[in-house]
Amino acid sequence: MAVSELKLTPPPMRFFILGARAEASLPRDVWAQLAYMFPRSSFHIIFIGPEAFMGRSPSLPWPPPPKSPENPFGQLTERLTSSMKVSTYQEYYHTLHKTGHFRPYDPYFDTFVMFHPGLGHPGSMGDWEATLPQLLETKCPIIVTGFTEEDMNRDVKWVEETCKGEFDMLLKPEENTFKSLKWDIDEYAMAFFSTTPCH
């Protein structure tokens, strides 16, 4: 084969799932669908968050590896297919970002995803104040979802106030046609109401 016929193998698409919770405990076959849908691409799904191992399915590797000099963040990596792997970090993203662990970033191959992060929620906005400027620094796309329209609008307003002029909104917030139809109980709200005396 001539040198001119050689093709470079592109790096894997990296999806950083920040604030990972239930999505990190999904059966791996769910995530493997990406590899089946795009067989000519490779993927690296990276779950990051202090709750990334909570509610972990018995079918997934357990326990997570302890933090050590060789593995300072307790990273657990699973190879799903020849073109897909999944890594889990029970750590805050801003802590990992400061170490340069994931550098270099590539806006064409790296994407940050936050499922219902509560960016503008009074109870969780403090968790994101250090993270958001770091995400914008990478110049990579950021995809954010919300529980409701109100939740999404609150997040958008907080981002606009916190990082005005530092980002471009490429997609207008709208209803996700692929949203889950499963009903969930907000345990935090239930705990709040159950401990508040009635008058």
# chains A, B, ... in the order shown; residues from 1 in each chain; ligands from 1
>>> select_by_dssp(residues="region 11-41 of chain A", states="strand (DSSP E or B)", output="number ranges by chain")
A: 13-18
>>> residues_around(residues="region 75-90 of chain A", least_positions_apart="4", cutoff="6 Å", atoms="only C-alpha atoms", output="list of chain:residue names")
A:Ser42, A:Phe43, A:His44, A:Ile45, A:Ile46, A:Phe47, A:Ile48, A:Gly49, A:Pro50, A:Ala52
>>> atom_distance(atom1="CA of Lys67 (chain A)", atom2="CA of Phe102 (chain A)")
17.7 Å
>>> select_by_dssp(residues="region 60-135 of chain A", states="helix (DSSP H, G or I)", output="list in words")
Tyr93, His94, Thr95, Leu96, His97, Lys98, Thr99, Met125, Gly126, Asp127, Trp128, Thr131, Leu132, Pro133, Gln134 and Leu135 of chain A
>>> closest_residue(among="A:Cys163, A:Asn71, A:Trp158, A:Gly118", to="Gly146 (chain A)", atoms="only C-alpha atoms")
A:Gly118
>>> residues_around(residues="region 166-181 of chain A", least_positions_apart="6", cutoff="10 Å", atoms="only C-alpha atoms", output="ChimeraX atom specification")
/A:133,136-137,139,141-149,152-153,156,159-160
>>> closest_residue(among="A:Thr95, A:Arg154, A:Val30, A:Arg21", to="Phe73 (chain A)", atoms="only C-alpha atoms")
A:Thr95
>>> closest_residue(among="A:Gln33, A:Glu129, A:Lys164, A:Glu23", to="Glu51 (chain A)", atoms="only C-alpha atoms")
A:Glu23
>>> closest_residue(among="A:Leu18, A:Asp110, A:Ala35, A:Ser68", to="Asp127 (chain A)", atoms="only C-alpha atoms")
A:Leu18
>>> closest_residue(among="A:Asp155, A:Gly74, A:Tyr36, A:Thr99", to="Phe115 (chain A)", atoms="only C-alpha atoms")
A:Asp155
>>> atom_distance(atom1="CA of Val113 (chain A)", atom2="CA of Gln134 (chain A)")
14.0 Å
>>> closest_residue(among="A:Glu150, A:Arg56, A:Lys7, A:His116", to="Arg28 (chain A)", atoms="only C-alpha atoms")
A:Arg56
>>> residues_around(residues="Phe109 (chain A)", least_positions_apart="6", cutoff="8 Å", atoms="only C-alpha atoms", output="NGL selection string")
:A and (11-14)
>>> atom_distance(atom1="CA of His101 (chain A)", atom2="CA of Ser25 (chain A)")
23.2 Å
